[in-house]
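Structure below is structure-v7.tsv: TSV, C-alpha atoms and all ligand atoms.
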```
chain	number	residue	atom	x	y	z
A	4	MET	CA	-45.35	0.13	-9.27
A	5	VAL	CA	-44.89	0.42	-5.56
A	6	LYS	CA	-44.38	-2.89	-3.88
A	7	ALA	CA	-45.09	-3.72	-0.27
A	8	THR	CA	-41.95	-3.57	1.79
A	9	THR	CA	-42.45	-7.05	3.20
A	10	THR	CA	-42.46	-8.50	-0.30
A	11	SER	CA	-39.24	-6.70	-1.03
A	12	PHE	CA	-37.56	-8.16	2.01
A	13	ALA	CA	-38.76	-11.59	1.00
A	14	LEU	CA	-37.08	-11.08	-2.34
A	15	LEU	CA	-33.91	-9.90	-0.70
A	16	PHE	CA	-33.72	-12.94	1.52
A	17	GLY	CA	-34.51	-15.01	-1.53
A	18	LEU	CA	-31.29	-13.71	-2.97
A	19	PHE	CA	-29.42	-14.86	0.09
A	20	PHE	CA	-30.90	-18.31	0.32
A	21	ALA	CA	-31.54	-18.95	-3.38
A	22	ALA	CA	-34.86	-20.36	-2.36
A	23	CYS	CA	-37.22	-18.34	-4.48
A	24	GLY	CA	-38.93	-20.14	-7.28
A	25	GLY	CA	-39.27	-17.56	-9.98
A	26	GLY	CA	-41.96	-15.52	-8.31
A	27	GLY	CA	-42.17	-13.09	-11.19
A	28	GLY	CA	-42.41	-15.61	-13.95
A	29	GLY	CA	-38.79	-16.67	-14.02
A	30	SER	CA	-38.32	-19.84	-15.97
A	31	ASP	CA	-35.15	-21.40	-14.68
A	32	GLY	CA	-36.12	-21.96	-11.10
A	33	GLY	CA	-33.34	-19.73	-9.90
A	34	ASP	CA	-34.86	-16.42	-10.86
A	35	VAL	CA	-35.82	-13.96	-8.25
A	36	GLY	CA	-38.84	-12.49	-9.84
A	37	ASP	CA	-39.44	-8.81	-9.39
A	38	ALA	CA	-42.73	-8.23	-11.09
A	39	GLY	CA	-42.80	-4.69	-9.82
A	40	ALA	CA	-39.54	-3.65	-11.42
A	41	SER	CA	-39.71	-0.90	-13.97
A	42	ASP	CA	-36.21	-0.85	-15.33
A	43	GLY	CA	-36.12	-4.10	-17.27
A	44	ALA	CA	-32.94	-5.31	-15.60
A	45	THR	CA	-32.29	-9.00	-15.48
A	46	ARG	CA	-32.66	-10.56	-12.07
A	47	ASP	CA	-31.45	-14.10	-12.03
A	48	GLY	CA	-30.49	-14.26	-8.39
A	49	SER	CA	-26.94	-15.26	-9.15
A	50	VAL	CA	-25.17	-12.03	-10.03
A	51	LEU	CA	-25.30	-9.50	-7.28
A	52	THR	CA	-23.74	-6.45	-8.72
A	53	ASP	CA	-24.60	-2.88	-8.04
A	54	GLY	CA	-26.28	-2.66	-4.67
A	55	ALA	CA	-28.52	0.11	-5.96
A	56	VAL	CA	-32.07	0.58	-4.87
A	57	ASP	CA	-34.48	0.40	-7.79
A	58	SER	CA	-35.89	3.89	-7.94
A	59	GLY	CA	-38.87	2.73	-9.95
A	60	ASP	CA	-39.77	0.19	-7.36
A	61	ALA	CA	-39.71	1.82	-3.97
A	62	GLY	CA	-38.22	-0.31	-1.26
A	63	SER	CA	-37.00	-3.20	-3.35
A	64	VAL	CA	-33.41	-3.93	-4.16
A	65	ASP	CA	-32.28	-4.88	-7.66
A	66	ALA	CA	-29.10	-6.53	-6.65
A	67	PHE	CA	-27.23	-6.77	-3.46
A	68	VAL	CA	-23.52	-6.85	-2.81
A	69	PRO	CA	-22.62	-8.12	0.63
A	70	PRO	CA	-20.57	-5.23	2.05
A	71	SER	CA	-16.91	-5.87	2.60
A	72	GLU	CA	-14.81	-3.99	5.12
A	73	CYS	CA	-13.69	-1.87	2.18
A	74	THR	CA	-17.16	-0.73	1.07
A	75	HIS	CA	-19.40	-0.37	4.07
A	76	GLY	CA	-18.46	3.10	5.29
A	77	ILE	CA	-16.80	2.10	8.57
A	78	ASP	CA	-13.21	2.74	9.55
A	79	ASN	CA	-12.57	-0.81	10.72
A	80	ASP	CA	-8.91	-0.43	11.60
A	81	GLY	CA	-9.27	2.99	13.22
A	82	ASP	CA	-6.67	4.75	11.07
A	83	ASP	CA	-9.02	7.60	10.04
A	84	TYR	CA	-9.21	6.24	6.47
A	85	THR	CA	-12.38	4.50	5.39
A	86	ASP	CA	-12.97	2.03	2.54
A	87	TRP	CA	-11.42	1.55	-0.86
A	88	GLN	CA	-9.69	4.51	-2.50
A	89	ASN	CA	-9.23	6.10	0.90
A	90	ASP	CA	-7.74	3.39	3.09
A	91	PRO	CA	-4.55	2.07	1.44
A	92	GLY	CA	-5.15	-1.22	3.24
A	93	CYS	CA	-7.92	-1.88	0.68
A	94	PHE	CA	-6.83	-3.21	-2.72
A	95	GLY	CA	-10.33	-2.75	-4.10
A	96	PRO	CA	-14.00	-2.81	-3.14
A	97	GLY	CA	-13.89	-6.57	-2.67
A	98	ASP	CA	-11.13	-6.53	-0.04
A	99	SER	CA	-12.47	-8.10	3.12
A	100	THR	CA	-10.10	-6.19	5.40
A	101	GLU	CA	-8.98	-2.60	5.75
A	102	ALA	CA	-5.85	-4.04	7.32
A	103	ALA	CA	-2.85	-4.47	5.05
A	104	LEU	CA	-2.15	-8.17	4.97
A	105	PRO	CA	0.65	-10.04	3.21
A	106	ARG	CA	0.23	-10.00	-0.58
A	107	ASP	CA	-0.84	-13.63	-0.75
A	108	GLN	CA	-3.84	-12.69	1.40
A	109	GLU	CA	-4.62	-9.58	-0.66
A	110	HIS	CA	-5.08	-11.34	-4.03
A	111	GLY	CA	-1.53	-10.37	-4.94
A	112	PHE	CA	-2.04	-6.66	-4.36
A	113	THR	CA	0.30	-4.55	-2.25
A	114	THR	CA	-1.54	-2.72	0.51
A	115	PHE	CA	-0.37	-0.49	3.34
A	116	ASP	CA	-1.36	0.48	6.83
A	117	VAL	CA	-1.17	4.17	7.63
A	118	GLY	CA	0.76	4.37	10.90
A	119	SER	CA	-0.51	6.55	13.72
A	120	ASP	CA	2.59	8.72	13.24
A	121	SER	CA	2.64	8.63	9.43
A	122	VAL	CA	2.63	11.94	7.58
A	123	VAL	CA	0.35	11.71	4.52
A	124	VAL	CA	0.98	14.38	1.87
A	125	TYR	CA	-1.53	14.89	-0.96
A	126	VAL	CA	-0.49	16.23	-4.38
A	127	SER	CA	-2.95	17.58	-6.93
A	128	GLN	CA	-2.66	19.69	-10.06
A	129	ASP	CA	-5.20	21.95	-8.40
A	130	GLY	CA	-3.04	22.13	-5.29
A	131	ASP	CA	-0.89	24.92	-3.95
A	132	ASP	CA	2.67	24.52	-2.73
A	133	SER	CA	2.00	27.03	0.04
A	134	ALA	CA	-0.66	24.71	1.53
A	135	ASP	CA	0.18	22.12	4.16
A	136	GLY	CA	-0.55	19.13	1.90
A	137	LEU	CA	-2.04	17.14	4.76
A	138	SER	CA	-5.51	16.64	3.28
A	139	PRO	CA	-7.03	16.38	-0.21
A	140	GLU	CA	-8.50	19.86	0.36
A	141	THR	CA	-5.08	21.33	1.16
A	142	ALA	CA	-3.04	19.41	-1.42
A	143	VAL	CA	0.25	20.77	-2.70
A	144	GLN	CA	0.96	20.96	-6.42
A	145	THR	CA	4.44	19.70	-7.18
A	146	LEU	CA	6.00	16.35	-6.42
A	147	THR	CA	9.28	17.92	-5.37
A	148	HIS	CA	7.53	20.09	-2.80
A	149	ALA	CA	5.50	17.13	-1.56
A	150	ALA	CA	8.75	15.20	-1.11
A	151	SER	CA	10.14	18.05	0.99
A	152	LEU	CA	7.29	17.54	3.47
A	153	LEU	CA	8.15	13.87	4.03
A	154	ARG	CA	10.51	12.74	6.76
A	155	ASP	CA	13.50	10.58	6.02
A	156	GLY	CA	13.36	7.26	7.87
A	157	HIS	CA	9.60	7.29	8.46
A	158	GLY	CA	6.62	5.41	7.06
A	159	ASP	CA	5.20	8.50	5.36
A	160	PHE	CA	2.98	8.69	2.27
A	161	MET	CA	2.98	10.88	-0.85
A	162	LEU	CA	-0.34	10.42	-2.67
A	163	LEU	CA	-0.91	11.74	-6.22
A	164	LYS	CA	-4.44	12.51	-7.31
A	165	ARG	CA	-5.71	9.95	-9.80
A	166	GLY	CA	-6.52	11.40	-13.20
A	167	HIS	CA	-3.92	14.16	-12.87
A	168	THR	CA	-0.55	14.29	-14.65
A	169	TRP	CA	2.91	15.45	-13.61
A	170	ARG	CA	5.71	16.10	-16.07
A	171	GLY	CA	9.43	16.55	-15.83
A	172	GLU	CA	9.81	16.28	-12.06
A	173	SER	CA	12.56	14.32	-10.31
A	174	LEU	CA	12.90	13.44	-6.66
A	175	GLY	CA	16.64	12.87	-6.91
A	176	ARG	CA	18.01	10.61	-4.19
A	177	PHE	CA	14.71	10.86	-2.33
A	178	LEU	CA	14.32	9.35	1.14
A	179	SER	CA	14.17	6.13	3.10
A	180	GLY	CA	11.18	4.58	4.77
A	181	GLN	CA	11.31	3.29	8.33
A	182	ASP	CA	11.64	-0.42	7.59
A	183	ALA	CA	10.16	-3.09	5.37
A	184	ALA	CA	6.90	-3.06	7.30
A	185	HIS	CA	6.68	0.75	7.29
A	186	PRO	CA	8.00	1.90	3.94
A	187	MET	CA	7.90	5.37	2.47
A	188	VAL	CA	4.96	5.07	0.06
A	189	ILE	CA	4.41	6.95	-3.19
A	190	SER	CA	0.93	6.11	-4.45
A	191	SER	CA	-2.37	7.66	-5.52
A	192	TYR	CA	-5.69	8.84	-4.12
A	193	GLY	CA	-9.08	10.05	-5.32
A	194	ASP	CA	-12.18	8.71	-7.03
A	195	SER	CA	-10.84	8.48	-10.57
A	196	MET	CA	-10.08	5.03	-11.93
A	197	GLU	CA	-7.20	6.45	-14.03
A	198	LEU	CA	-3.75	6.05	-12.54
A	199	PRO	CA	-1.89	9.37	-12.46
A	200	PRO	CA	0.75	9.54	-15.22
A	201	VAL	CA	4.18	10.71	-14.08
A	202	GLU	CA	5.96	11.82	-17.27
A	203	LEU	CA	9.73	11.62	-16.96
A	204	ASP	CA	12.67	12.92	-18.96
A	205	GLY	CA	15.21	11.45	-16.57
A	206	ASN	CA	15.27	9.41	-13.41
A	207	PHE	CA	12.33	9.92	-11.08
A	208	ILE	CA	14.45	8.57	-8.22
A	209	ASP	CA	18.20	8.13	-8.51
A	210	HIS	CA	19.74	6.80	-5.34
A	211	ASN	CA	23.19	7.29	-6.82
A	212	GLY	CA	24.91	4.92	-4.43
A	213	GLN	CA	22.81	5.70	-1.37
A	214	ALA	CA	21.86	2.42	0.29
A	215	CYS	CA	19.01	3.37	2.60
A	216	SER	CA	15.69	2.45	1.09
A	217	PHE	CA	12.29	0.96	2.04
A	218	VAL	CA	10.43	2.94	-0.61
A	219	SER	CA	7.24	1.53	-2.15
A	220	VAL	CA	5.90	2.98	-5.40
A	221	VAL	CA	2.43	1.64	-6.17
A	222	GLY	CA	-0.53	2.68	-8.31
A	223	LEU	CA	1.20	5.20	-10.59
A	224	HIS	CA	1.76	5.25	-14.35
A	225	PHE	CA	5.31	6.21	-15.34
A	226	VAL	CA	6.06	7.37	-18.87
A	227	VAL	CA	9.44	8.42	-20.29
A	228	TYR	CA	7.96	10.94	-22.67
A	229	PRO	CA	10.98	11.54	-24.95
A	230	LYS	CA	10.60	7.85	-25.86
A	231	ASP	CA	6.98	8.34	-26.92
A	232	PRO	CA	6.69	9.03	-30.66
A	233	ALA	CA	3.32	10.65	-30.04
A	234	ASP	CA	4.88	13.22	-27.73
A	235	ALA	CA	6.05	16.58	-29.12
A	236	ALA	CA	9.31	16.17	-27.17
A	237	PHE	CA	10.07	12.76	-28.70
A	238	ASP	CA	13.75	12.20	-29.36
A	239	GLY	CA	13.90	8.44	-28.90
A	240	ALA	CA	17.13	8.72	-26.96
A	241	THR	CA	16.47	10.18	-23.53
A	242	ASP	CA	16.33	7.59	-20.77
A	243	GLY	CA	14.54	7.77	-17.49
A	244	GLY	CA	13.05	5.72	-14.72
A	245	PHE	CA	14.42	4.58	-11.38
A	246	ARG	CA	18.05	4.09	-10.51
A	247	TYR	CA	18.67	2.32	-7.25
A	248	VAL	CA	22.07	0.78	-7.83
A	249	GLY	CA	25.20	1.64	-9.71
A	250	GLY	CA	28.62	3.08	-9.32
A	251	GLY	CA	27.17	6.15	-7.73
A	252	SER	CA	29.31	8.84	-6.33
A	253	ALA	CA	31.64	6.59	-4.31
A	254	ASP	CA	30.53	8.87	-1.55
A	255	SER	CA	31.16	7.29	1.83
A	256	SER	CA	29.12	10.01	3.51
A	257	ALA	CA	25.77	8.65	2.44
A	258	TRP	CA	25.37	4.95	3.02
A	259	PHE	CA	25.32	4.56	6.79
A	260	CYS	CA	21.93	4.29	8.43
A	261	LEU	CA	21.36	5.60	11.94
A	262	ASN	CA	17.85	4.97	13.19
A	263	GLY	CA	16.74	4.51	9.60
A	264	SER	CA	18.23	7.74	8.28
A	265	ALA	CA	21.20	8.22	6.00
A	266	ALA	CA	24.21	9.45	7.91
A	267	ALA	CA	27.75	10.57	7.22
A	268	LEU	CA	30.79	8.64	8.42
A	269	SER	CA	31.36	11.34	11.02
A	270	ASP	CA	27.80	10.82	12.31
A	271	TRP	CA	28.51	7.12	12.65
A	272	GLN	CA	31.80	7.73	14.45
A	273	GLY	CA	30.08	10.05	16.89
A	274	ALA	CA	27.11	7.77	17.54
A	275	SER	CA	29.06	4.53	17.81
A	276	GLY	CA	32.15	5.84	19.58
A	277	GLU	CA	34.28	4.16	16.88
A	278	ALA	CA	36.41	7.20	16.17
A	279	ASP	CA	38.73	5.20	13.93
A	280	ALA	CA	35.93	3.65	11.86
A	281	THR	CA	36.54	3.76	8.13
A	282	ALA	CA	34.17	3.42	5.19
A	283	LEU	CA	34.23	1.41	2.01
A	284	PRO	CA	33.51	3.41	-1.14
A	285	SER	CA	30.21	1.59	-1.61
A	286	PRO	CA	28.00	-0.68	0.48
A	287	PRO	CA	29.15	-4.28	0.73
A	288	SER	CA	26.63	-6.95	-0.14
A	289	PHE	CA	25.55	-9.08	2.79
A	290	THR	CA	23.84	-12.45	2.71
A	291	ALA	CA	20.65	-11.32	4.45
A	292	PRO	CA	21.02	-7.99	6.29
A	293	ASP	CA	17.26	-7.68	6.87
A	294	ARG	CA	17.04	-10.59	9.30
A	295	SER	CA	15.23	-9.90	12.56
A	296	VAL	CA	13.83	-11.72	15.57
A	297	GLU	CA	10.58	-11.87	13.63
A	298	THR	CA	12.12	-13.64	10.65
A	299	TYR	CA	14.00	-15.88	13.06
A	300	ALA	CA	10.73	-16.91	14.71
A	301	GLY	CA	9.44	-17.80	11.26
A	302	SER	CA	12.58	-19.80	10.46
A	303	ILE	CA	12.07	-22.07	13.47
A	304	GLY	CA	8.31	-22.30	13.06
A	305	VAL	CA	7.09	-20.48	16.17
A	306	GLY	CA	5.18	-17.67	14.47
A	307	SER	CA	6.22	-14.43	12.83
A	308	THR	CA	6.30	-11.76	15.52
A	309	LEU	CA	8.41	-10.85	18.51
A	310	PRO	CA	5.54	-11.75	20.90
A	311	ASP	CA	5.30	-15.13	19.14
A	312	PHE	CA	8.97	-15.76	19.78
A	313	LEU	CA	8.76	-14.61	23.40
A	314	ALA	CA	5.68	-16.74	24.02
A	315	ALA	CA	7.55	-19.79	22.75
A	316	ALA	CA	10.62	-18.89	24.80
A	317	ARG	CA	8.55	-18.62	27.97
A	318	LEU	CA	7.57	-22.28	27.60
A	319	GLN	CA	11.18	-23.26	28.21
A	320	SER	CA	11.57	-25.53	31.21
A	321	ARG	CA	13.95	-28.14	32.51
A	322	LEU	CA	11.84	-30.84	30.92
A	323	ASN	CA	11.17	-28.97	27.71
A	324	TRP	CA	14.33	-27.17	26.61
A	325	ARG	CA	15.14	-25.90	23.13
A	326	ASP	CA	18.51	-24.35	22.36
A	327	ASP	CA	16.97	-22.51	19.42
A	328	LEU	CA	14.82	-20.49	21.83
A	329	THR	CA	17.78	-19.10	23.75
A	330	ALA	CA	19.08	-15.60	23.05
A	331	LEU	CA	22.25	-16.92	21.46
A	332	ALA	CA	20.37	-18.58	18.62
A	333	PRO	CA	18.72	-15.49	17.05
A	334	ASN	CA	21.95	-13.54	17.62
A	335	ASP	CA	23.86	-16.10	15.56
A	336	TYR	CA	21.12	-16.15	12.94
A	337	ILE	CA	21.16	-12.36	12.51
A	338	ARG	CA	24.96	-12.23	12.56
A	339	ALA	CA	25.09	-14.85	9.81
A	340	GLY	CA	23.02	-12.51	7.65
A	341	PHE	CA	25.94	-10.09	7.59
A	342	GLU	CA	28.43	-12.56	6.14
B	401	CA	CA	-9.32	2.41	8.02
B	402	CA	CA	-6.66	-5.36	3.07
```

If you took the structure in this file and wrote it as structure tokens, what would it be?
Amino acid sequence: MVKATTTSFALLFGLFFAACGGGGGGSDGGDVGDAGASDGATRDGSVLTDGAVDSGDAGSVDAFVPPSECTHGIDNDGDDYTDWQNDPGCFGPGDSTEAALPRDQEHGFTTFDVGSDSVVVYVSQDGDDSADGLSPETAVQTLTHAASLLRDGHGDFMLLKRGHTWRGESLGRFLSGQDAAHPMVISSYGDSMELPPVELDGNFIDHNGQACSFVSVVGLHFVVYPKDPADAAFDGATDGGFRYVGGGSADSSAWFCLNGSAAALSDWQGASGEADATALPSPPSFTAPDRSVETYAGSIGVGSTLPDFLAAARLQSRLNWRDDLTALAPNDYIRAGFE
């Protein structure tokens, strides 16, 4: 049955305002009757699920999902990625922001913003390692080749196609991201709901004493296949996974960071002018080496960004003076993190 459009809109608004009184014979007072429906679906006005237009009932809407920023087809944050499964700032279709917010504002999910200078490399079993990897249509095929296209010390992304499987690849020491807010991300892309299995027979990443990091691995399914009795290669003994700490190689050439990149002692000596600098065989452990002006601002309750701190500092006056807003205070705070 074809229903008049005006009636359909009345029903739709009825869903919003829960004011309809069972127009189609509903018995509980909350039903949104849809006497013209042909598909037999329940319409109780309380569960708004699929957003589909009822094809047997031109113009009416079975159920209506208020669009979130992650479903409505608009690139809200202007990063060229739109909605869930494309924009990594969306944890799912119900995320209200394409922006990547702290986990406690993302229902516990980890989300990311693609930086304007981020390189995003796509990997697919249908890909080709001679392609540029910079779009789903030009994906590369192997994880090791994808890793070679990423830049150490940058907030780049390697995205594996959901539903595809990779076996026996290792990224070795791999790379560092830029910083905690701009990590190197290994994650997934595509329409499939199946996380891509990465089948290992050793370490996927083995930092082997290298201290630079900021790597986020999210939305993948790792399997150490020699441990799987159902796998033909089962031996029950082979280990694999991630190795970020350990005795390593006692290699003093690999644990300095210069501008976010691993550097040799000689690089450090050249850049710092400390020609007589020496290196410990492995990184020392500091109290809190990641402290910053931003975390300092948070510690004294004036916000969480550099502009927050500066805004508070600009309020200093003879009548309103705070020692903890002088330059010395964050210097001491950051220095104390290296004790
Ligand atoms: Ca976006
Ligand atoms: Ca978000």

Requested in this report: Select the residues contacting ligand CA 402 (chain B) at a distance of at most 9 Å, based on all atoms listed in the file, then format the selection as a ChimeraX atom specification.
Outcome: /A:72-73,90-95,98-105,108-109,112-116

**Report entry** One-decimal distance in Å that lies between CA of Phe177 in chain A and CA of Ala150 in chain A
**Finding:**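 Spanning CA of Ala150 in chain A to CA of Phe177 in chain A is a straight-line distance of 7.5 Å.
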
Query raised in the report: Could you work out how far CA of His167 in chain A lies from CA of Gln128 in chain A, giving the answer in Å with one decimal?
Result: 6.3 Å

Requested in this report: Enumerate as a VMD selection string the residues within 7 Å of ligand CA 401 (chain B), counting only C-alpha atoms and all ligand atoms.
Outcome: chain A and resid 78 to 86 90 101

Query raised in the report: Skipping near chain neighbours, those fewer than 6 positions away, what residues fall within 9 Å of range 180-186 of chain A using only C-alpha atoms, listed as a list in words?
Result: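 Near range 180-186 of chain A, the qualifying residues are Phe115, Asp116, Val117, Gly118, Arg154, Asp155, Gly156, His157, Gly158, Asp159, Phe160, Cys215, Ser216, Phe217, Val218, Ser219, Asn262, Gly263, Ser264 and Asp293 of chain A.
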
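Our summary of the geometry notes that CA of Ile189 in chain A is positioned 14.4 Å from CA of Leu137 in chain A.
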
Query - Which residue of A:Pro229, A:Gly193, A:Gly97, A:Gly239 approaches Ser138 in chain A most closely, using only C-alpha atoms - result: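 For Ser138 in chain A, the nearest of the given residues is A:Gly193.
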
Report task. Would you please work out which residue, of A:Val296, A:Ile77, A:Leu223, A:Val188, is nearest to Asp311 in chain A when using only C-alpha atoms? Result -> A:Val296
